[in-house]
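A.B. asks: See entry.tsv below, with TSV, C-alpha atoms and all ligand atoms.
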```tsv
chain	number	residue	atom	x	y	z
E	27	MET	CA	-22.03	21.66	-17.89
E	28	THR	CA	-20.01	19.08	-19.77
E	29	LEU	CA	-20.41	15.38	-19.20
E	30	ARG	CA	-17.03	13.71	-19.30
E	31	ARG	CA	-14.99	10.82	-17.98
E	32	LEU	CA	-12.75	11.80	-15.08
E	33	PRO	CA	-9.00	11.38	-15.53
E	34	GLU	CA	-7.50	8.28	-13.95
E	35	THR	CA	-5.65	10.19	-11.22
E	36	THR	CA	-8.91	11.76	-10.04
E	37	VAL	CA	-10.78	8.44	-10.22
E	38	ASN	CA	-8.05	6.85	-8.12
E	39	ARG	CA	-8.11	9.61	-5.52
E	40	ILE	CA	-11.87	9.29	-5.15
E	41	ALA	CA	-11.63	5.51	-4.89
E	42	ALA	CA	-8.81	5.86	-2.37
E	43	GLY	CA	-11.20	7.66	-0.02
E	44	GLU	CA	-13.21	4.46	0.31
E	45	VAL	CA	-10.21	2.39	1.36
E	46	ILE	CA	-7.90	4.77	3.20
E	47	GLU	CA	-9.60	7.05	5.73
E	48	ARG	CA	-6.81	7.57	8.23
E	49	PRO	CA	-3.36	6.22	9.12
E	50	ALA	CA	-4.93	3.23	10.91
E	51	SER	CA	-6.64	2.07	7.70
E	52	ALA	CA	-3.39	2.34	5.74
E	53	VAL	CA	-1.55	0.33	8.40
E	54	LYS	CA	-4.37	-2.25	8.44
E	55	GLU	CA	-4.04	-2.80	4.70
E	56	LEU	CA	-0.25	-3.01	4.89
E	57	VAL	CA	-0.23	-5.43	7.84
E	58	GLU	CA	-2.77	-7.62	6.00
E	59	ASN	CA	-0.51	-7.63	2.94
E	60	SER	CA	2.46	-8.69	5.06
E	61	LEU	CA	0.43	-11.50	6.67
E	62	ASP	CA	-0.80	-12.58	3.23
E	63	ALA	CA	2.87	-12.67	2.15
E	64	GLY	CA	3.62	-15.16	4.92
E	65	ALA	CA	5.54	-12.70	7.09
E	66	ARG	CA	6.64	-13.96	10.52
E	67	ARG	CA	7.95	-10.59	11.66
E	68	ILE	CA	6.41	-7.18	10.89
E	69	GLU	CA	7.92	-3.91	12.06
E	70	VAL	CA	5.79	-0.76	12.04
E	71	VAL	CA	7.07	2.81	12.44
E	72	LEU	CA	4.78	5.84	12.71
E	73	ARG	CA	5.77	9.47	12.84
E	74	GLU	CA	3.21	12.11	13.90
E	75	GLY	CA	0.56	9.44	14.32
E	76	GLY	CA	1.29	8.20	10.79
E	77	ARG	CA	0.52	11.57	9.21
E	78	SER	CA	4.06	12.28	8.03
E	79	LEU	CA	5.49	8.75	7.92
E	80	ILE	CA	4.38	5.12	8.05
E	81	VAL	CA	6.94	2.36	7.50
E	82	LEU	CA	6.14	-1.33	7.37
E	83	ASP	CA	8.94	-3.84	7.12
E	84	ASP	CA	8.25	-7.56	6.72
E	85	ASP	CA	10.07	-10.83	6.07
E	86	GLY	CA	7.42	-12.19	3.70
E	87	HIS	CA	7.92	-13.73	0.24
E	88	GLY	CA	8.59	-10.38	-1.42
E	89	MET	CA	8.03	-9.19	-5.00
E	90	ASN	CA	10.11	-9.03	-8.19
E	91	ALA	CA	10.32	-6.03	-10.54
E	92	ALA	CA	7.28	-7.11	-12.59
E	93	ASP	CA	5.21	-7.60	-9.42
E	94	LEU	CA	6.21	-4.15	-8.19
E	95	SER	CA	4.98	-2.51	-11.40
E	96	LEU	CA	1.66	-4.35	-11.16
E	97	CYS	CA	0.97	-4.08	-7.43
E	98	ILE	CA	0.38	-0.33	-7.58
E	99	GLU	CA	-2.19	-0.69	-10.41
E	100	ARG	CA	-5.85	-0.83	-9.43
E	101	HIS	CA	-7.46	-4.27	-9.41
E	102	ALA	CA	-4.14	-6.07	-9.69
E	103	THR	CA	-3.88	-8.91	-7.17
E	104	SER	CA	-2.05	-12.21	-6.76
E	105	LYS	CA	-4.79	-13.47	-4.45
E	106	LEU	CA	-7.58	-14.54	-6.84
E	107	PRO	CA	-5.71	-16.96	-9.14
E	108	ASP	CA	-8.93	-18.51	-10.53
E	109	ASP	CA	-11.19	-15.43	-10.33
E	110	ASP	CA	-13.22	-17.49	-7.85
E	111	LEU	CA	-14.87	-15.12	-5.38
E	112	MET	CA	-16.16	-18.12	-3.41
E	113	ALA	CA	-12.60	-19.25	-2.67
E	114	ILE	CA	-10.94	-16.47	-0.69
E	115	HIS	CA	-7.83	-17.64	1.15
E	116	HIS	CA	-6.21	-14.31	1.95
E	117	LEU	CA	-7.08	-11.15	3.87
E	118	GLY	CA	-6.94	-9.15	0.62
E	119	PHE	CA	-8.11	-9.89	-2.94
E	120	ARG	CA	-9.45	-6.59	-4.30
E	121	GLY	CA	-6.15	-5.08	-5.38
E	122	GLU	CA	-7.14	-1.64	-4.06
E	123	ALA	CA	-4.88	-0.86	-1.12
E	124	LEU	CA	-1.51	-0.01	-2.66
E	125	PRO	CA	-2.90	2.02	-5.60
E	126	SER	CA	-5.14	3.89	-3.14
E	127	ILE	CA	-2.24	4.75	-0.85
E	128	GLY	CA	-0.15	5.76	-3.86
E	129	ALA	CA	-2.95	8.04	-5.08
E	130	VAL	CA	-3.09	10.11	-1.89
E	131	ALA	CA	0.46	9.90	-0.47
E	132	ARG	CA	4.11	9.44	-1.43
E	133	LEU	CA	4.55	5.68	-1.57
E	134	ARG	CA	7.81	3.77	-1.91
E	135	ILE	CA	8.01	-0.01	-1.92
E	136	ASP	CA	11.32	-1.91	-1.67
E	137	SER	CA	11.11	-5.65	-2.07
E	138	ARG	CA	13.08	-8.76	-2.83
E	139	ARG	CA	11.99	-12.31	-3.45
E	140	ALA	CA	13.96	-15.06	-1.76
E	141	ASP	CA	14.89	-16.54	-5.17
E	142	ALA	CA	16.01	-13.19	-6.69
E	143	ASP	CA	19.59	-11.98	-6.75
E	144	THR	CA	18.59	-8.34	-6.41
E	145	GLY	CA	15.89	-6.26	-4.76
E	146	TRP	CA	13.67	-3.70	-6.53
E	147	ALA	CA	11.94	-0.48	-5.57
E	148	ILE	CA	9.08	1.54	-7.03
E	149	GLN	CA	7.63	4.93	-6.10
E	150	VAL	CA	4.20	6.51	-6.57
E	151	ASP	CA	3.81	10.15	-5.72
E	152	GLY	CA	0.18	11.32	-5.53
E	153	GLY	CA	-0.66	8.95	-8.39
E	154	ARG	CA	2.46	9.63	-10.46
E	155	VAL	CA	4.05	6.24	-10.99
E	156	GLY	CA	7.82	5.80	-11.33
E	157	SER	CA	9.71	2.90	-12.92
E	158	PRO	CA	11.15	0.02	-10.91
E	159	GLU	CA	14.79	0.55	-9.97
E	160	PRO	CA	17.29	-1.77	-8.25
E	161	SER	CA	17.26	-1.66	-4.45
E	162	SER	CA	19.66	-2.96	-1.82
E	163	ARG	CA	16.72	-4.57	-0.06
E	164	ALA	CA	17.33	-7.98	1.54
E	165	ARG	CA	14.50	-10.54	1.51
E	166	GLY	CA	10.97	-9.28	2.22
E	167	THR	CA	9.18	-6.02	1.69
E	168	ARG	CA	9.45	-2.51	3.09
E	169	VAL	CA	6.61	-0.07	2.42
E	170	GLU	CA	7.12	3.61	3.16
E	171	VAL	CA	4.18	6.04	3.14
E	172	ARG	CA	5.06	9.72	3.44
E	173	ASP	CA	2.73	12.70	3.73
E	174	LEU	CA	-0.55	10.78	3.80
E	175	PHE	CA	-3.37	12.80	2.12
E	176	PHE	CA	-1.01	15.50	0.77
E	177	ALA	CA	-2.80	14.96	-2.56
E	178	THR	CA	-6.28	15.16	-0.99
E	179	PRO	CA	-6.04	18.00	1.58
E	180	ALA	CA	-9.77	17.78	2.40
E	181	ARG	CA	-9.04	14.41	4.03
E	182	LEU	CA	-6.34	15.91	6.21
E	183	LYS	CA	-8.94	18.06	7.96
E	184	PHE	CA	-10.73	14.97	9.25
E	185	LEU	CA	-7.67	13.58	11.01
E	186	LYS	CA	-7.64	13.80	14.80
E	187	THR	CA	-4.61	14.63	16.94
E	188	ASP	CA	-1.39	12.68	16.35
E	189	ARG	CA	-1.98	10.95	19.67
E	190	ALA	CA	-5.52	9.88	18.68
E	191	GLU	CA	-4.37	8.63	15.27
E	192	PHE	CA	-1.50	6.75	16.91
E	193	GLY	CA	-3.91	5.19	19.42
E	194	ALA	CA	-6.34	4.13	16.67
E	195	THR	CA	-3.49	2.49	14.77
E	196	LEU	CA	-2.24	0.69	17.87
E	197	ASP	CA	-5.78	-0.63	18.58
E	198	MET	CA	-6.08	-1.84	15.01
E	199	ILE	CA	-2.75	-3.68	15.16
E	201	LIG	N1	4.13	-7.00	1.84
E	201	LIG	C1	3.97	-7.62	0.66
E	201	LIG	N2	4.74	-8.69	0.33
E	201	LIG	C2	4.58	-9.32	-0.86
E	201	LIG	N3	3.68	-8.96	-1.80
E	201	LIG	C3	2.89	-7.90	-1.53
E	201	LIG	C4	2.99	-7.17	-0.30
E	201	LIG	N4	2.08	-6.18	-0.32
E	201	LIG	C5	1.44	-6.27	-1.51
E	201	LIG	N5	1.90	-7.31	-2.24
E	201	LIG	C6	1.43	-7.71	-3.59
E	201	LIG	O1	0.74	-6.61	-4.15
E	201	LIG	C7	-0.59	-6.98	-4.52
E	201	LIG	C8	-1.52	-5.79	-4.35
E	201	LIG	O2	-1.71	-5.47	-2.96
E	201	LIG	P1	-3.05	-4.73	-2.52
E	201	LIG	O3	-3.17	-3.46	-3.29
E	201	LIG	O4	-3.09	-4.64	-1.05
E	201	LIG	O5	-4.20	-5.70	-3.04
E	201	LIG	P2	-4.65	-7.14	-2.47
E	201	LIG	O6	-4.01	-7.34	-1.13
E	201	LIG	O7	-6.15	-7.04	-2.37
E	201	LIG	O8	-4.22	-8.14	-3.50
E	201	LIG	C9	-0.92	-8.20	-3.66
E	201	LIG	O9	-1.90	-9.01	-4.27
E	201	LIG	C10	0.44	-8.87	-3.54
E	201	LIG	O10	0.69	-9.69	-4.66
E	202	MG	MG	-4.01	-5.92	0.37
```
Step by step, read the file and then write its structure as structure tokens.
Ligand SMILES: Nc1ncnc2c1ncn2[C@@H]1O[C@H](COP(=O)(O)OP(=O)(O)O)[C@@H](O)[C@H]1O
Ligand SMILES: [Mg+2]
C.D. replies:
Amino acid sequence: MTLRRLPETTVNRIAAGEVIERPASAVKELVENSLDAGARRIEVVLREGGRSLIVLDDDGHGMNAADLSLCIERHATSKLPDDDLMAIHHLGFRGEALPSIGAVARLRIDSRRADADTGWAIQVDGGRVGSPEPSSRARGTRVEVRDLFFATPARLKFLKTDRAEFGATLDMI
């Protein structure tokens, strides 16, 4: 037996299990992010109850390239500007949702701030983080989650039928 520190990818996958249990929890986190971003319109697409594809498209304030690189890191948030845990004004503040989804699925985020002249995209594939690249995105943010739990197959076994997962997501919304 050797006592050792787990690699970051493994730590993130374990932590992800606390935040993302099923498609409905992923959609909950993404809808909250869109609301926190001031979105007035949010479009949600699910394929196979969210198992193979979840897309969230919003018209919120969007992110620039630097934001995109940070938002998929654990404990990175724009919602605790003064580190004051007594002053929570958003639905999120822990900075756990996007890195968790990226740790267990194939995540792509396209976003553009209203004041930016170009959009940006970033991808995280089972914890492997890509670099931001230009995107044709108009204002707002589009989050695409493919193959939820492909990186943690044990989780897949706990999912119910597509219909049940779809229903749970609809209830949550
Ligand atoms: N739809 C979105 N529009 C604009 N910014 C977003 C969106 N989703 C996430 N972000 C940014 O990414 C950060 C990290 O998101 P998340 O991992 O859910 O953590 P939290 O919501 O707790 O801050 C947010 O603090 C926010 O700055
Ligand atoms: Mg959030």
A.B. asks: Work out how far atom CA of Ile135 of chain E is from atom CA of Val70 of chain E, in Å to one decimal.
C.D. replies: 14.2 Å
A.B. asks: Atom CA of Val169 of chain E and atom CA of Leu61 of chain E, how far apart in Å?
C.D. replies: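 About the pair atom CA of Leu61 of chain E and atom CA of Val169 of chain E: they are 13.7 Å apart.
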A.B. asks: Need the shell around segment 74-86 of chain E: protein/DNA/RNA residues with any atom at most 7 Å away, counting all atoms listed in the file. Skip same-chain ones fewer than 4 positions apart. Format as a list in words?
C.D. replies: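 My list of contacting residues is Pro49, Ser60, Ala63, Gly64, Ala65, Arg66, Arg67, Ile68, Glu69, Val70, Arg165, Gly166, Thr167, Arg168, Val169, Glu170, Val171, Arg172, Asp173, Leu174, Asp188, Arg189, Glu191 and Phe192 of chain E.
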A.B. asks: Taking all atoms listed in the file and a cut-off of 8 Å, can you tell me which residues surround ligand MG 202 (chain E), written as a compact mmCIF listing (two decimals) with C-alpha atoms, in the coordinates of the input?
C.D. replies:
```txt
# COMPACT_ATOMS: atom_id res chain seq x y z
CA GLU E 55 -4.04 -2.80 4.70
CA LEU E 56 -0.25 -3.01 4.89
CA GLU E 58 -2.77 -7.62 6.00
CA ASN E 59 -0.51 -7.63 2.94
CA ASP E 62 -0.80 -12.58 3.23
CA LEU E 117 -7.08 -11.15 3.87
CA GLY E 118 -6.94 -9.15 0.62
CA PHE E 119 -8.11 -9.89 -2.94
CA ARG E 120 -9.45 -6.59 -4.30
CA GLY E 121 -6.15 -5.08 -5.38
CA GLU E 122 -7.14 -1.64 -4.06
CA ALA E 123 -4.88 -0.86 -1.12
CA LEU E 124 -1.51 -0.01 -2.66
```
A.B. asks: I'd like the interatomic distance between atom CA of Asn90 of chain E and atom CA of Val155 of chain E, to a tenth of an Å.
C.D. replies: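 Result for atom CA of Asn90 of chain E versus atom CA of Val155 of chain E: 16.7 Å, one decimal.
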A.B. asks: Between E:Arg181, E:Arg100, E:Lys186, E:Arg154, which residue has the minimum interatomic distance to ligand LIG 201 (chain E), considering only C-alpha atoms and all ligand atoms?
C.D. replies: E:Arg100
A.B. asks: Report as JSON the centre and the edge lengths, in Å to one decimal, of the axis-aligned box holding every listed atom of ligand LIG 201 (chain E), padded by 8 Å on each side.
C.D. replies:
```
{"center_x": -0.7, "center_y": -6.6, "center_z": -1.4, "size_x": 26.9, "size_y": 22.2, "size_z": 22.5}
```
A.B. asks: Taking into account all atoms listed in the file, which residue in the set E:Ala91, E:Phe176, E:Ala131, E:Ala190 is nearest to Ser161 of chain E?
C.D. replies: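 Comparing E:Ala91, E:Phe176, E:Ala131, E:Ala190 against Ser161 of chain E, the winner is E:Ala91.
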A.B. asks: For ligand LIG 201 (chain E), which residue out of E:Met89, E:Val71, E:Ile199, E:Ala164 is the nearest one, using only C-alpha atoms and all ligand atoms?
C.D. replies: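 Among E:Met89, E:Val71, E:Ile199, E:Ala164, it is E:Met89 that comes nearest to ligand LIG 201 (chain E).
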A.B. asks: Using only C-alpha atoms and all ligand atoms, find the one residue out of E:Asp141, E:Asp151, E:Asp93, E:Asp197 that sits nearest to ligand LIG 201 (chain E).
C.D. replies: E:Asp93
A.B. asks: List every protein, DNA or RNA residue that has an atom no more than 8 Å from (3.5, 0.6, -3.5) in the file's coordinate frame, counting only C-alpha atoms, and report them as number ranges by chain.
C.D. replies: E: 94, 97-98, 124-125, 127-128, 133-135, 148-150, 169
A.B. asks: Could you check the closest approach to Val45 of chain E for each of E:Met112, E:Thr195, E:Ser104, E:Ser126 and tell me which residue wins, using only C-alpha atoms?
C.D. replies: E:Ser126
A.B. asks: Name all residues at most 8 Å from segment 33-40 of chain E (count all atoms listed in the file; drop same-chain ones fewer than 4 positions away) and give them as a list in words.
C.D. replies: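 Once the nearby chain positions are removed, what remains is Glu44, Pro125, Ser126, Ala129, Val130, Gly153 and Thr178 of chain E.
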A.B. asks: Using only C-alpha atoms and all ligand atoms, which of the listed residues (E:Leu182, E:Ala140, E:Leu72, E:Leu106) sits closest to ligand LIG 201 (chain E)?
C.D. replies: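 Smallest separation from ligand LIG 201 (chain E) among the options: E:Leu106.
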